[in-house]
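Comments concern the structure below.
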Amino acid sequence: MLAQLNPQQEIAVQHVEGPLLVLAGAGSGKTRVVTHRIAKLLDLGVLPSDILAVTFTNKAADEMRSRIRTLKNAQVLACTFHSLGARILRESISFLGYSNDFTIYDEEDSEKLLKGCLDQLQIAEDKGYMRTVRHAISTAKNDLVSPDEADKEFAEVYQLYQRKLRECNALDFDDLLYLTVKLLQEHSDVRSFYQKKWQFVLIDEYQDTNSAQYTIAKILVDEHKNIFAVGDPDQSIYSWRGAKYQNILNFEEDFPGAKVVTLDQNYRSTNIILKGANALIQHNGDRYDKKLWSALGEGAKIGVYVAQNEKQEAEFVANRIVKDGLDYQLNEMAIFYRTNAQSRNFEDALLSRGIAYQIIGGLSFYQRREIKDILAYLKMIVSNADLISFLRTINQPRRGLGTSTIEKMVEAAAARNIPIFAFCEEAIDQFKLGPKQRDGLKSYVRTIHELRAKRPSLSLHELISEVVAATRYMAFLDEDPETAQDRKENVDELIGKAAEWEQEAENPSLTKFLEELSLRSNVEENNFAPSVKLMTLHNSKGLEFDVVFLVGLEEDLFPHVNTKDDPKAIEEERRLCYVGMTRAKRKLYLCSTTYRYMWGTARFMRPSRFLKEIPAQFLDNLSQPTLHLDAPAEEPPAGFAPGDQVIHKEFGVGTVQKAYEGSFGMTYEVHFPDAGTNRTLVAKYAKLQAYPN
């Protein structure tokens, strides 16, 4: 068994008593080390029932149990922290005054109970507020903050919610950790029982533990100190879930005399990829120093491509996939991005070439709720009879029209054989509605009429922006704080798609645009066919591919704009980049753009600092030969300047309000007083002329 291990792995496996920290670099065979260490304990005569292995996913726990059965035909308890908490509480929760037949509430059950608490406290029903409070309570429990210690803004709701859970003899998901800690801390007999029950405790992904998980582990090993912790602070990317990477950095302080073993031989990637990743992560301060290496050879240099815009970036990636597809299977290729909204351009490029793809951990861009919502409003601008789009838009934002009322309206429209929107126009005065419902329907009809009236004078992307503003859609997205940022970026990406499409389409129109997107969204996904994998960097953790494209490496995108003023957050972004790079086995490409459509406009982008932190000797510049990543960024070239007067063949004389280099070249925002309009015009298409003064 030991012959299968390298020298560092063998040192870790041979360790028996006392605390040991295994710093397991990416691809260094940590699962093999954990399972072989358990097998070693069994060889020494340790009973399977004396061993506990804890990890973070059911998949990882299943894998661990399977390997142990293969090695030693033994049944060892390998489970997640939440499963461990459920087991302990099911046996001993009576000490906290609960019955052992408690129910575990899922997210929907928890939200219903919380809504009842808000009603009882006469707090106005607001989905956004409810989700905020739900998140605050969850965070408090994972940080071991009781209702009495909570911030006063939600303490009363937290207290009532916890009391109602107890009255129902129910636990929510976070209670599986929170109440386990409470039980172990407050009842010495129970604590002593579980400390004796498991004489050897193994914790996987130790860098991802939150306060509650860390405390459970520390209590369980407090007597015998036989803790075998495995993890890598360089791969800690879940602080937004409550993970505290400091837990692994403090291991030697928490367990004086602890032994530390570093696994730095990587079995996944070529050396050039690892050297680039090593150089990047050394710019972080809070870490254990290690340098991954491989016996798989130097390999190809890391390809770097800087595109003019995001469409060109996607074209490059798709073309490389075709080229590399001669040597590697599609299943072994992946595109990683920082935000979900970035998938759109890559989906378009892959679809146009007939390359199969699969979105991992999310929906295809055109299937996302917010995209379908905005497209439904656009369809209502075009059609009076689109029932599906009507049902999707009538209560966004909420207009006081309940399901029963809407069903009656639909039935009445069908009985009279008139289009649903035409019926709505009549129903304001003729249908039986309460005052609030009538006002809501009137507001909906007025919004559609106003958008229809504006349609002829607006470009397509301006019309979509108007839909978003008129429906207060961004405020609607704010009701779910956890997903709002992602969804807003998707809406912004749709506006960018429209701007791009209308510049390239022949005789562009709203009808043609909707038709094309319908065709795209109806492309059947064959999940059994070999396919390129698309995913966010967070979803890439634990995976590996022969060929990896890490895209969008620009300041304010990656590292993300939300982290720019926080050095600790920047370090986590760098760890995220490191994780992405170390997923690649044979080929790694890093891509960025000079201009990108973001936040409603085409913007000049600066290369990500992460690109500059990788030494040039490991990089292969696939862009124009003159491009240097370390060269100072040049501002867009001058053309017409704000204040200049110009002539447009259709709109007449106008004044330039803003000039910038957009995704399609020099772009101007121009006010045309005689035409009564403001337009965004791309110079190469608009062919503006200077107005003679």
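If you're wondering about the labels, chains in the structure tokens are A, B, ... by order shown, residues count from 1 in each chain, ligands from 1 in order shown.
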
Spatial neighbours of Tyr668 in chain A, 8 Å, only C-alpha atoms, chain gap at least 3 places, as a compact mmCIF listing (two decimals) with all heavy atoms, in the first residue's frame:
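What ended up in result.txt:
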```
# COMPACT_ATOMS: atom_id res chain seq x y z
N VAL A 656 -22.25 66.66 -29.90
CA VAL A 656 -21.66 65.49 -29.24
C VAL A 656 -21.67 65.70 -27.73
O VAL A 656 -21.15 66.70 -27.23
CB VAL A 656 -20.21 65.26 -29.73
CG1 VAL A 656 -19.57 64.10 -28.97
CG2 VAL A 656 -20.19 64.99 -31.24
N GLN A 657 -22.29 64.76 -27.01
CA GLN A 657 -22.34 64.82 -25.55
C GLN A 657 -21.20 64.01 -24.91
O GLN A 657 -20.69 64.35 -23.86
CB GLN A 657 -23.68 64.26 -25.04
CG GLN A 657 -24.90 64.90 -25.68
CD GLN A 657 -25.07 66.34 -25.25
OE1 GLN A 657 -25.05 66.63 -24.05
NE2 GLN A 657 -25.22 67.23 -26.20
N LYS A 658 -20.83 62.91 -25.59
CA LYS A 658 -19.83 62.01 -25.03
C LYS A 658 -19.14 61.28 -26.17
O LYS A 658 -19.78 60.95 -27.18
CB LYS A 658 -20.50 61.00 -24.08
CG LYS A 658 -19.54 60.08 -23.35
CD LYS A 658 -20.33 59.15 -22.41
CE LYS A 658 -19.41 58.19 -21.68
NZ LYS A 658 -20.16 57.26 -20.83
N ALA A 659 -17.84 61.04 -26.07
CA ALA A 659 -17.09 60.29 -27.08
C ALA A 659 -16.23 59.24 -26.40
O ALA A 659 -15.55 59.53 -25.41
CB ALA A 659 -16.20 61.25 -27.89
N TYR A 660 -16.28 58.01 -26.89
CA TYR A 660 -15.48 56.95 -26.29
C TYR A 660 -15.25 55.84 -27.32
O TYR A 660 -15.98 55.73 -28.31
CB TYR A 660 -16.15 56.37 -25.05
CG TYR A 660 -17.56 55.88 -25.28
CD1 TYR A 660 -17.80 54.56 -25.65
CD2 TYR A 660 -18.65 56.74 -25.13
CE1 TYR A 660 -19.08 54.10 -25.86
CE2 TYR A 660 -19.94 56.30 -25.34
CZ TYR A 660 -20.15 54.97 -25.71
OH TYR A 660 -21.43 54.51 -25.93
N THR A 680 -27.01 57.06 -29.58
CA THR A 680 -25.67 56.51 -29.45
C THR A 680 -25.28 55.97 -30.81
O THR A 680 -25.94 55.08 -31.35
CB THR A 680 -25.63 55.39 -28.40
OG1 THR A 680 -26.03 55.93 -27.14
CG2 THR A 680 -24.24 54.80 -28.27
N LEU A 681 -24.22 56.52 -31.40
CA LEU A 681 -23.86 56.22 -32.79
C LEU A 681 -22.41 55.74 -32.88
O LEU A 681 -21.52 56.32 -32.28
CB LEU A 681 -24.03 57.46 -33.66
CG LEU A 681 -25.43 58.09 -33.67
CD1 LEU A 681 -25.40 59.43 -34.36
CD2 LEU A 681 -26.43 57.17 -34.35
N VAL A 682 -22.22 54.68 -33.64
CA VAL A 682 -20.87 54.18 -33.90
C VAL A 682 -20.35 54.88 -35.15
O VAL A 682 -20.99 54.88 -36.21
CB VAL A 682 -20.87 52.66 -34.10
CG1 VAL A 682 -19.49 52.15 -34.49
CG2 VAL A 682 -21.36 51.97 -32.83
N ALA A 683 -19.18 55.51 -35.05
CA ALA A 683 -18.66 56.39 -36.09
C ALA A 683 -18.59 55.72 -37.46
O ALA A 683 -18.99 56.30 -38.47
CB ALA A 683 -17.29 56.93 -35.69
```

If you run DSSP on this backbone, which residues of range 481-628 of chain A come out as alpha helix (DSSP H), and could you give them as a PyMOL selection string?
chain A and resi 481-504+510-521+567-581+609-612

Name the residues of range 312-515 of chain A that fall into strand (DSSP E) according to DSSP on the backbone, using the chain letters and numbers of this document, as a ChimeraX atom specification.
/A:333-337,357-359

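Using only C-alpha atoms, the shortest contact distance between Met535 in chain A and any of A:Gly580, A:Gly27, A:Pro397, A:Gly325 is found at A:Gly580.
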
Need the shell around Ile216 in chain A: protein/DNA/RNA residues with any atom at most 9 Å away, counting only C-alpha atoms. Skip same-chain ones fewer than 4 positions apart. Format as a short mmCIF file (atom, residue, chain, number, x, y, z; two decimals) with C-alpha atoms, in the first residue's frame?
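Generated output (out_26.cif):
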```cif
data_model
loop_
_atom_site.label_atom_id
_atom_site.label_comp_id
_atom_site.auth_asym_id
_atom_site.auth_seq_id
_atom_site.Cartn_x
_atom_site.Cartn_y
_atom_site.Cartn_z
CA PHE A 81 -20.48 18.42 8.78
CA GLY A 85 -24.61 17.39 13.24
CA LEU A 177 -24.33 23.07 13.16
CA THR A 180 -24.62 20.84 17.78
CA VAL A 181 -22.12 23.40 19.07
CA LEU A 184 -21.43 20.11 23.04
CA SER A 211 -16.90 29.20 12.77
CA ALA A 212 -19.44 26.52 13.69
CA LEU A 220 -14.37 16.66 19.37
CA VAL A 221 -10.57 16.39 19.49
#
```

Skip Val76 in chain A itself and residues of its chain fewer than 5 positions away, then list as JSON, numbers by chain all residues within 7 Å of it, counting only C-alpha atoms.
{"A": [48, 49, 51, 52, 65]}

Write the residues of the selection above to a file with N, CA, C and O atoms, as an mmCIF file, in the first residue's frame.
```cif
data_model
loop_
_atom_site.group_PDB
_atom_site.id
_atom_site.type_symbol
_atom_site.label_atom_id
_atom_site.label_comp_id
_atom_site.auth_asym_id
_atom_site.auth_seq_id
_atom_site.Cartn_x
_atom_site.Cartn_y
_atom_site.Cartn_z
ATOM 1 N N PRO A 48 -13.078 0.448 13.243
ATOM 2 C CA PRO A 48 -13.714 1.383 12.303
ATOM 3 C C PRO A 48 -14.611 2.386 13.016
ATOM 4 O O PRO A 48 -14.694 3.553 12.611
ATOM 5 N N SER A 49 -15.282 1.945 14.092
ATOM 6 C CA SER A 49 -16.209 2.824 14.815
ATOM 7 C C SER A 49 -15.489 3.927 15.588
ATOM 8 O O SER A 49 -16.125 4.880 16.056
ATOM 9 N N ILE A 51 -13.196 5.807 14.215
ATOM 10 C CA ILE A 51 -12.676 6.753 13.214
ATOM 11 C C ILE A 51 -13.817 7.593 12.644
ATOM 12 O O ILE A 51 -14.875 7.075 12.289
ATOM 13 N N LEU A 52 -13.580 8.897 12.520
ATOM 14 C CA LEU A 52 -14.546 9.813 11.918
ATOM 15 C C LEU A 52 -13.838 10.636 10.840
ATOM 16 O O LEU A 52 -12.800 11.252 11.108
ATOM 17 N N ARG A 65 -15.754 6.768 1.383
ATOM 18 C CA ARG A 65 -16.261 5.475 1.881
ATOM 19 C C ARG A 65 -15.966 4.353 0.888
ATOM 20 O O ARG A 65 -15.566 3.245 1.262
#
```

What separates CA of Leu441 in chain A and CA of Leu401 in chain A is a distance of 7.7 Å

From the list A:Val551, A:Ala427, A:Val260, A:Thr132, which residue is nearest Ala484 in chain A when using only C-alpha atoms?
A:Thr132

Within 10 Å of Asn345 in chain A using only C-alpha atoms, minus same-chain residues under 4 positions, as JSON, numbers by chain
{"A": [310, 311, 312, 313, 314, 315, 341, 349, 350, 351, 365, 493, 497]}

Can you pull out the residues contacting Glu650 in chain A? Cut-off 10 Å, using only C-alpha atoms, and skip same-chain residues under 2 positions away; I want them as JSON, numbers by chain.
{"A": [647, 648, 652, 653, 675, 686]}

For Glu252 in chain A, which residue among A:Leu113, A:Glu347, A:Leu378, A:Gly18 is the nearest when counting only C-alpha atoms?
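Result for the nearest residue to Glu252 in chain A: A:Gly18.
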
Counting only C-alpha atoms, the option among A:Thr536, A:Ser66, A:Thr80, A:Ser592 closest to Glu554 in chain A
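Nearest to Glu554 in chain A: A:Ser592.
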
Would you list the contacts of range 381-391 of chain A as a PyMOL selection string, taking every protein, DNA or RNA residue within 9 Å and counting only C-alpha atoms, but skipping same-chain residues closer than 2 positions in sequence?
chain A and resi 372-373+375-379+393-395+406+410+418-422+448-449+451-452+455+510-511

Mind dumping the selected residues with N, CA, C and O atoms as a CSV table (one decimal), in the first residue's frame?
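Written out: again.csv:
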```csv
chain,number,residue,atom,x,y,z
A,372,LYS,N,-35.5,36.0,-19.7
A,372,LYS,CA,-36.8,35.6,-20.2
A,372,LYS,C,-37.8,36.7,-19.8
A,372,LYS,O,-38.8,36.9,-20.5
A,373,ASP,N,-37.6,37.3,-18.6
A,373,ASP,CA,-38.6,38.3,-18.2
A,373,ASP,C,-38.5,39.5,-19.1
A,373,ASP,O,-39.5,40.1,-19.6
A,375,LEU,N,-37.3,39.7,-22.2
A,375,LEU,CA,-37.7,39.3,-23.5
A,375,LEU,C,-39.3,39.2,-23.6
A,375,LEU,O,-39.9,39.6,-24.6
A,376,ALA,N,-39.9,38.8,-22.5
A,376,ALA,CA,-41.4,38.7,-22.4
A,376,ALA,C,-42.0,40.1,-22.6
A,376,ALA,O,-43.0,40.3,-23.3
A,377,TYR,N,-41.4,41.1,-21.9
A,377,TYR,CA,-41.8,42.5,-22.1
A,377,TYR,C,-41.7,43.0,-23.5
A,377,TYR,O,-42.6,43.6,-24.1
A,378,LEU,N,-40.5,42.6,-24.1
A,378,LEU,CA,-40.3,43.0,-25.5
A,378,LEU,C,-41.4,42.4,-26.4
A,378,LEU,O,-41.9,43.0,-27.4
A,379,LYS,N,-41.8,41.1,-26.1
A,379,LYS,CA,-42.8,40.4,-26.9
A,379,LYS,C,-44.2,41.1,-26.8
A,379,LYS,O,-44.9,41.1,-27.7
A,393,THR,N,-45.3,38.8,-17.4
A,393,THR,CA,-45.0,40.2,-17.1
A,393,THR,C,-46.0,40.9,-16.3
A,393,THR,O,-45.8,41.9,-15.7
A,394,ILE,N,-47.2,40.3,-16.2
A,394,ILE,CA,-48.3,41.1,-15.5
A,394,ILE,C,-48.0,41.4,-14.1
A,394,ILE,O,-48.4,42.5,-13.6
A,395,ASN,N,-47.3,40.6,-13.4
A,395,ASN,CA,-47.0,40.9,-12.0
A,395,ASN,C,-45.5,41.2,-11.7
A,395,ASN,O,-45.0,40.9,-10.6
A,406,ILE,N,-56.2,36.7,-12.3
A,406,ILE,CA,-55.6,36.6,-13.6
A,406,ILE,C,-56.2,35.5,-14.4
A,406,ILE,O,-56.5,35.6,-15.6
A,410,VAL,N,-58.1,35.7,-18.1
A,410,VAL,CA,-57.6,34.8,-19.2
A,410,VAL,C,-58.8,34.1,-19.8
A,410,VAL,O,-59.1,34.0,-21.0
A,418,ILE,N,-60.9,37.4,-27.9
A,418,ILE,CA,-60.1,38.6,-28.2
A,418,ILE,C,-58.7,38.4,-27.5
A,418,ILE,O,-58.6,37.7,-26.5
A,419,PRO,N,-57.7,39.1,-28.1
A,419,PRO,CA,-56.3,39.0,-27.5
A,419,PRO,C,-56.3,39.4,-26.1
A,419,PRO,O,-57.0,40.4,-25.7
A,420,ILE,N,-55.4,38.8,-25.3
A,420,ILE,CA,-55.4,39.1,-23.9
A,420,ILE,C,-55.1,40.6,-23.5
A,420,ILE,O,-55.7,41.1,-22.6
A,421,PHE,N,-54.2,41.2,-24.3
A,421,PHE,CA,-53.9,42.6,-24.0
A,421,PHE,C,-55.0,43.5,-24.3
A,421,PHE,O,-55.3,44.5,-23.6
A,422,ALA,N,-55.7,43.2,-25.4
A,422,ALA,CA,-56.9,44.0,-25.8
A,422,ALA,C,-58.0,43.9,-24.7
A,422,ALA,O,-58.7,44.8,-24.4
A,448,ILE,N,-47.1,49.3,-21.1
A,448,ILE,CA,-47.0,48.7,-22.4
A,448,ILE,C,-47.2,49.7,-23.5
A,448,ILE,O,-46.5,49.8,-24.5
A,449,HIS,N,-48.2,50.6,-23.3
A,449,HIS,CA,-48.5,51.6,-24.3
A,449,HIS,C,-47.4,52.6,-24.4
A,449,HIS,O,-47.0,53.0,-25.5
A,451,LEU,N,-44.2,52.1,-23.8
A,451,LEU,CA,-43.1,51.4,-24.5
A,451,LEU,C,-43.3,51.3,-26.0
A,451,LEU,O,-42.4,51.5,-26.8
A,452,ARG,N,-44.6,51.0,-26.3
A,452,ARG,CA,-44.9,50.9,-27.8
A,452,ARG,C,-44.7,52.3,-28.4
A,452,ARG,O,-44.2,52.4,-29.6
A,455,ARG,N,-41.0,53.0,-29.0
A,455,ARG,CA,-40.3,52.0,-29.9
A,455,ARG,C,-39.7,52.6,-31.2
A,455,ARG,O,-38.5,52.4,-31.5
A,510,LEU,N,-36.9,44.8,-33.9
A,510,LEU,CA,-37.3,44.1,-32.7
A,510,LEU,C,-37.8,42.7,-33.0
A,510,LEU,O,-37.4,41.8,-32.4
A,511,THR,N,-38.6,42.6,-34.0
A,511,THR,CA,-39.2,41.3,-34.4
A,511,THR,C,-38.1,40.3,-34.8
A,511,THR,O,-38.1,39.2,-34.4
```

To one decimal in Å, tell me the separation between CA of Asn562 in chain A and CA of Asn247 in chain A.
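Distance reported for this atom pair: 24.4 Å.
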
Return as CSV the residues of range 37-141 of chain A lying at most 12 Å from range 235-245 of chain A, together with the closest atom-to-atom pair for each and the distance in Å to one decimal, counting only C-alpha atoms, with rows in chain order and ascending residue number.
```
residue,atom,partner,partner_atom,distance
A:Phe56,CA,A:Ala243,CA,11.4
A:His135,CA,A:Arg241,CA,10.5
A:Ala136,CA,A:Gly242,CA,11.6
A:Ser138,CA,A:Gly242,CA,9.9
A:Thr139,CA,A:Gly242,CA,7.3
A:Ala140,CA,A:Gly242,CA,10.0
A:Lys141,CA,A:Gly242,CA,10.5
```
